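K.L.:
Dropping a structure here in structure tokens format, bear with me for questions.
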Amino acid sequence: MVLMFLNGDGMRGGRLNAQLDGAPLLRTARSAPKYRYYSVGDRFPAMIATAHDGRPVTGEVYEVPLEILRDNLIPNEPPELELGLIELDDGTACLATVLRANLLGSPELIDISDIGDWRAYRGMSASG
């Protein structure tokens with residue numbers, strides 16, 4: 001079992017949540033304020049650690065069997081993301097999918113760090 005921080009469509013009610021195959025939600029959480037958060041072409045979110053001007057990201061922490069991670073989650077992630085280790089705001093280490101560093105500066109990235117919440121951003125972009 002691993003702790004997995006989800007901050008996009010894998011969260012409760014999201015179109016990818018079924019890929020968790022019943023893995024239990026432990027809690028809602030926020031990352032430590034050391035990440036930049038992007039919408040990648042308005043298709044999915046991506047976070048990446050930064051040395052300065054970081055913000056917290058809102059998400060959910062699940063207890064996920066390694067087999068579910070291997071068979072369901074990671075194979076279905078977009079190629080722009082990779083598995084990484086992040087820090088939550090309480091200091092807990094947690095796995096998450098993060099933006100590949102070589103994609104920083106891509107014209108597809110929309111910085112949504114000041115919002116820090118995929119659902120809030122999607123609600124704003126759908127209405128505006």
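Every chain in the structure tokens has a letter given in the order shown (A, B, ...), and although residue numbers restart at 1 in each chain, ligands are simply numbered from 1 in the order shown.
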Which polymer residues have any atom within 10 Å of an atom of region 52-58 of chain A, counting only C-alpha atoms, with same-chain residues fewer than 3 positions away left out, as a VMD selection string?
P.N.:
chain A and resid 5 to 8 28 to 37 46 to 49 87 to 89 112 to 120
K.L.:
With N, CA and C atoms retained, export the selected residues as a PDB file, in the first residue's frame.
P.N.:
```
ATOM      1  N   PHE A   5      -1.541  10.959  -3.654  1.00  0.00           N
ATOM      2  CA  PHE A   5      -2.223  12.250  -3.685  1.00  0.00           C
ATOM      3  C   PHE A   5      -2.760  12.471  -5.092  1.00  0.00           C
ATOM      4  N   LEU A   6      -4.077  12.589  -5.200  1.00  0.00           N
ATOM      5  CA  LEU A   6      -4.716  12.847  -6.486  1.00  0.00           C
ATOM      6  C   LEU A   6      -5.263  14.266  -6.475  1.00  0.00           C
ATOM      7  N   ASN A   7      -5.079  14.975  -7.583  1.00  0.00           N
ATOM      8  CA  ASN A   7      -5.508  16.371  -7.624  1.00  0.00           C
ATOM      9  C   ASN A   7      -6.213  16.729  -8.928  1.00  0.00           C
ATOM     10  N   GLY A   8      -6.691  15.710  -9.650  1.00  0.00           N
ATOM     11  CA  GLY A   8      -7.389  15.948 -10.910  1.00  0.00           C
ATOM     12  C   GLY A   8      -8.631  15.090 -11.014  1.00  0.00           C
ATOM     13  N   THR A  28      -9.097  14.529   2.529  1.00  0.00           N
ATOM     14  CA  THR A  28      -8.759  15.615   1.618  1.00  0.00           C
ATOM     15  C   THR A  28      -7.490  16.247   2.166  1.00  0.00           C
ATOM     16  N   ALA A  29      -6.721  16.873   1.322  1.00  0.00           N
ATOM     17  CA  ALA A  29      -5.432  17.398   1.763  1.00  0.00           C
ATOM     18  C   ALA A  29      -4.989  18.518   0.839  1.00  0.00           C
ATOM     19  N   ARG A  30      -3.954  19.200   1.282  1.00  0.00           N
ATOM     20  CA  ARG A  30      -3.277  20.189   0.455  1.00  0.00           C
ATOM     21  C   ARG A  30      -1.788  19.876   0.482  1.00  0.00           C
ATOM     22  N   SER A  31      -1.146  20.150  -0.615  1.00  0.00           N
ATOM     23  CA  SER A  31       0.295  19.968  -0.651  1.00  0.00           C
ATOM     24  C   SER A  31       0.963  21.082   0.157  1.00  0.00           C
ATOM     25  N   ALA A  32       2.228  20.887   0.457  1.00  0.00           N
ATOM     26  CA  ALA A  32       3.018  21.976   1.009  1.00  0.00           C
ATOM     27  C   ALA A  32       3.043  23.088  -0.042  1.00  0.00           C
ATOM     28  N   PRO A  33       3.251  24.326   0.356  1.00  0.00           N
ATOM     29  CA  PRO A  33       3.215  25.437  -0.598  1.00  0.00           C
ATOM     30  C   PRO A  33       4.529  25.581  -1.371  1.00  0.00           C
ATOM     31  N   LYS A  34       4.896  24.533  -2.082  1.00  0.00           N
ATOM     32  CA  LYS A  34       6.156  24.559  -2.822  1.00  0.00           C
ATOM     33  C   LYS A  34       6.004  24.042  -4.245  1.00  0.00           C
ATOM     34  N   TYR A  35       4.806  24.174  -4.795  1.00  0.00           N
ATOM     35  CA  TYR A  35       4.540  23.649  -6.136  1.00  0.00           C
ATOM     36  C   TYR A  35       3.913  24.722  -7.015  1.00  0.00           C
ATOM     37  N   ARG A  36       4.177  24.637  -8.306  1.00  0.00           N
ATOM     38  CA  ARG A  36       3.425  25.399  -9.302  1.00  0.00           C
ATOM     39  C   ARG A  36       2.420  24.406  -9.866  1.00  0.00           C
ATOM     40  N   TYR A  37       1.259  24.895 -10.230  1.00  0.00           N
ATOM     41  CA  TYR A  37       0.149  24.046 -10.657  1.00  0.00           C
ATOM     42  C   TYR A  37      -0.346  24.555 -11.997  1.00  0.00           C
ATOM     43  N   ALA A  46      -1.404  19.479 -13.622  1.00  0.00           N
ATOM     44  CA  ALA A  46      -0.059  18.967 -13.350  1.00  0.00           C
ATOM     45  C   ALA A  46       0.627  19.896 -12.352  1.00  0.00           C
ATOM     46  N   MET A  47       1.269  19.311 -11.378  1.00  0.00           N
ATOM     47  CA  MET A  47       2.023  20.086 -10.399  1.00  0.00           C
ATOM     48  C   MET A  47       3.500  19.774 -10.546  1.00  0.00           C
ATOM     49  N   ILE A  48       4.338  20.737 -10.169  1.00  0.00           N
ATOM     50  CA  ILE A  48       5.783  20.524 -10.213  1.00  0.00           C
ATOM     51  C   ILE A  48       6.414  21.362  -9.105  1.00  0.00           C
ATOM     52  N   ALA A  49       7.409  20.787  -8.445  1.00  0.00           N
ATOM     53  CA  ALA A  49       8.094  21.493  -7.366  1.00  0.00           C
ATOM     54  C   ALA A  49       8.847  22.688  -7.934  1.00  0.00           C
ATOM     55  N   GLU A  87       5.330  16.570  -0.942  1.00  0.00           N
ATOM     56  CA  GLU A  87       5.126  16.818   0.484  1.00  0.00           C
ATOM     57  C   GLU A  87       3.764  17.458   0.685  1.00  0.00           C
ATOM     58  N   LEU A  88       3.005  16.928   1.647  1.00  0.00           N
ATOM     59  CA  LEU A  88       1.730  17.536   2.014  1.00  0.00           C
ATOM     60  C   LEU A  88       1.980  18.652   3.021  1.00  0.00           C
ATOM     61  N   ASP A  89       0.957  19.468   3.269  1.00  0.00           N
ATOM     62  CA  ASP A  89       1.151  20.624   4.150  1.00  0.00           C
ATOM     63  C   ASP A  89       1.436  20.250   5.599  1.00  0.00           C
ATOM     64  N   ILE A 112      -2.205  27.810 -13.061  1.00  0.00           N
ATOM     65  CA  ILE A 112      -3.384  27.956 -12.197  1.00  0.00           C
ATOM     66  C   ILE A 112      -2.984  27.855 -10.716  1.00  0.00           C
ATOM     67  N   SER A 113      -1.724  28.176 -10.438  1.00  0.00           N
ATOM     68  CA  SER A 113      -1.194  28.056  -9.076  1.00  0.00           C
ATOM     69  C   SER A 113      -1.959  28.887  -8.073  1.00  0.00           C
ATOM     70  N   ASP A 114      -2.405  30.077  -8.455  1.00  0.00           N
ATOM     71  CA  ASP A 114      -3.123  30.924  -7.516  1.00  0.00           C
ATOM     72  C   ASP A 114      -4.498  30.362  -7.171  1.00  0.00           C
ATOM     73  N   ILE A 115      -5.034  29.508  -8.023  1.00  0.00           N
ATOM     74  CA  ILE A 115      -6.304  28.820  -7.732  1.00  0.00           C
ATOM     75  C   ILE A 115      -6.004  27.567  -6.916  1.00  0.00           C
ATOM     76  N   GLY A 116      -5.045  26.753  -7.378  1.00  0.00           N
ATOM     77  CA  GLY A 116      -4.584  25.600  -6.618  1.00  0.00           C
ATOM     78  C   GLY A 116      -5.571  24.463  -6.467  1.00  0.00           C
ATOM     79  N   ASP A 117      -6.632  24.490  -7.252  1.00  0.00           N
ATOM     80  CA  ASP A 117      -7.687  23.482  -7.110  1.00  0.00           C
ATOM     81  C   ASP A 117      -8.274  23.213  -8.498  1.00  0.00           C
ATOM     82  N   TRP A 118      -8.129  21.982  -8.981  1.00  0.00           N
ATOM     83  CA  TRP A 118      -8.582  21.620 -10.317  1.00  0.00           C
ATOM     84  C   TRP A 118     -10.086  21.804 -10.480  1.00  0.00           C
ATOM     85  N   ARG A 119     -10.856  21.382  -9.474  1.00  0.00           N
ATOM     86  CA  ARG A 119     -12.321  21.513  -9.581  1.00  0.00           C
ATOM     87  C   ARG A 119     -12.729  22.988  -9.646  1.00  0.00           C
ATOM     88  N   ALA A 120     -12.115  23.807  -8.814  1.00  0.00           N
ATOM     89  CA  ALA A 120     -12.443  25.237  -8.839  1.00  0.00           C
ATOM     90  C   ALA A 120     -12.058  25.828 -10.187  1.00  0.00           C
TER      91      ALA A 120
END
```
K.L.:
Could you name the residues that touch region 39-43 of chain A at 7 Å or less, counting only C-alpha atoms, but leaving out those on the same chain fewer than 2 positions away, as JSON, numbers by chain?
P.N.:
{"A": [45, 46, 108, 109, 110, 111, 112]}
K.L.:
Could you dump the residues just selected with N, CA and C atoms as a compact mmCIF listing (two decimals), in the first residue's frame?
P.N.:
```txt
# COMPACT_ATOMS: atom_id res chain seq x y z
N PRO A 45 -4.67 18.48 -14.87
CA PRO A 45 -3.75 19.32 -14.11
C PRO A 45 -2.39 18.65 -13.94
N ALA A 46 -1.40 19.48 -13.62
CA ALA A 46 -0.06 18.97 -13.35
C ALA A 46 0.63 19.90 -12.35
N GLU A 108 1.30 24.82 -23.91
CA GLU A 108 0.06 24.19 -23.43
C GLU A 108 -0.21 24.44 -21.95
N LEU A 109 0.79 24.91 -21.21
CA LEU A 109 0.65 25.09 -19.77
C LEU A 109 0.00 26.42 -19.43
N ILE A 110 -1.08 26.33 -18.66
CA ILE A 110 -1.77 27.50 -18.13
C ILE A 110 -1.54 27.48 -16.62
N ASP A 111 -0.87 28.48 -16.09
CA ASP A 111 -0.54 28.51 -14.67
C ASP A 111 -1.81 28.79 -13.86
N ILE A 112 -2.20 27.81 -13.06
CA ILE A 112 -3.38 27.96 -12.20
C ILE A 112 -2.98 27.86 -10.72
```
K.L.:
According to DSSP computed on the backbone, where in chain A is there strand (DSSP E)? Give the residues as a PyMOL selection string.
P.N.:
chain A and resi 2-6+25-30+35-40+44-49+58-64+81-87+93-99+109-111
K.L.:
One decimal, Å: what's the distance from CA of Ser106 (chain A) over to CA of Arg12 (chain A), could you say?
P.N.:
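CA of Ser106 (chain A) sits 28.9 Å away from CA of Arg12 (chain A).
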K.L.:
Going by DSSP on the backbone, which residues of chain A come out as helix (DSSP H, G or I)? List them as an MDAnalysis selection string.
P.N.:
chainID A and resid 17:20 66:76 101:103 118:127
K.L.:
I need the residue nearest Leu3 (chain A) from this list: A:Ile68, A:Met124, A:Cys94, A:Ile74. Use only C-alpha atoms for the distance.
P.N.:
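Of A:Ile68, A:Met124, A:Cys94, A:Ile74, the one nearest Leu3 (chain A) is A:Cys94, counting only C-alpha atoms.
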K.L.:
Pick out the closest residue to Gly84 (chain A) from this set: A:Gly105, A:Thr97, A:Val2, A:Asn72. Count only C-alpha atoms.
P.N.:
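Of A:Gly105, A:Thr97, A:Val2, A:Asn72, the one nearest Gly84 (chain A) is A:Thr97, counting only C-alpha atoms.
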K.L.:
Env of Leu66 (chain A): 9 Å cut, atoms = only C-alpha atoms, seq-sep filter 4 positions within chain, self excluded. Answer as a PyMOL selection string.
P.N.:
chain A and resi 1-2+70-71
K.L.:
Could you save the residues just selected, with N, CA, C and O atoms, as a compact mmCIF listing (two decimals), in the first residue's frame?
P.N.:
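Output saved as result.txt:
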```txt
# COMPACT_ATOMS: atom_id res chain seq x y z
N MET A 1 0.83 -1.18 0.00
CA MET A 1 0.00 0.00 0.00
C MET A 1 0.88 1.25 0.00
O MET A 1 1.91 1.29 0.66
N VAL A 2 0.42 2.25 -0.74
CA VAL A 2 1.12 3.53 -0.77
C VAL A 2 0.10 4.65 -0.59
O VAL A 2 -1.08 4.48 -0.90
N ARG A 70 0.23 0.12 -10.42
CA ARG A 70 0.91 -0.48 -11.57
C ARG A 70 -0.04 -0.76 -12.73
O ARG A 70 0.26 -0.44 -13.87
N ASP A 71 -1.21 -1.33 -12.43
CA ASP A 71 -2.10 -1.83 -13.49
C ASP A 71 -3.13 -0.81 -13.97
O ASP A 71 -3.55 -0.87 -15.13
```
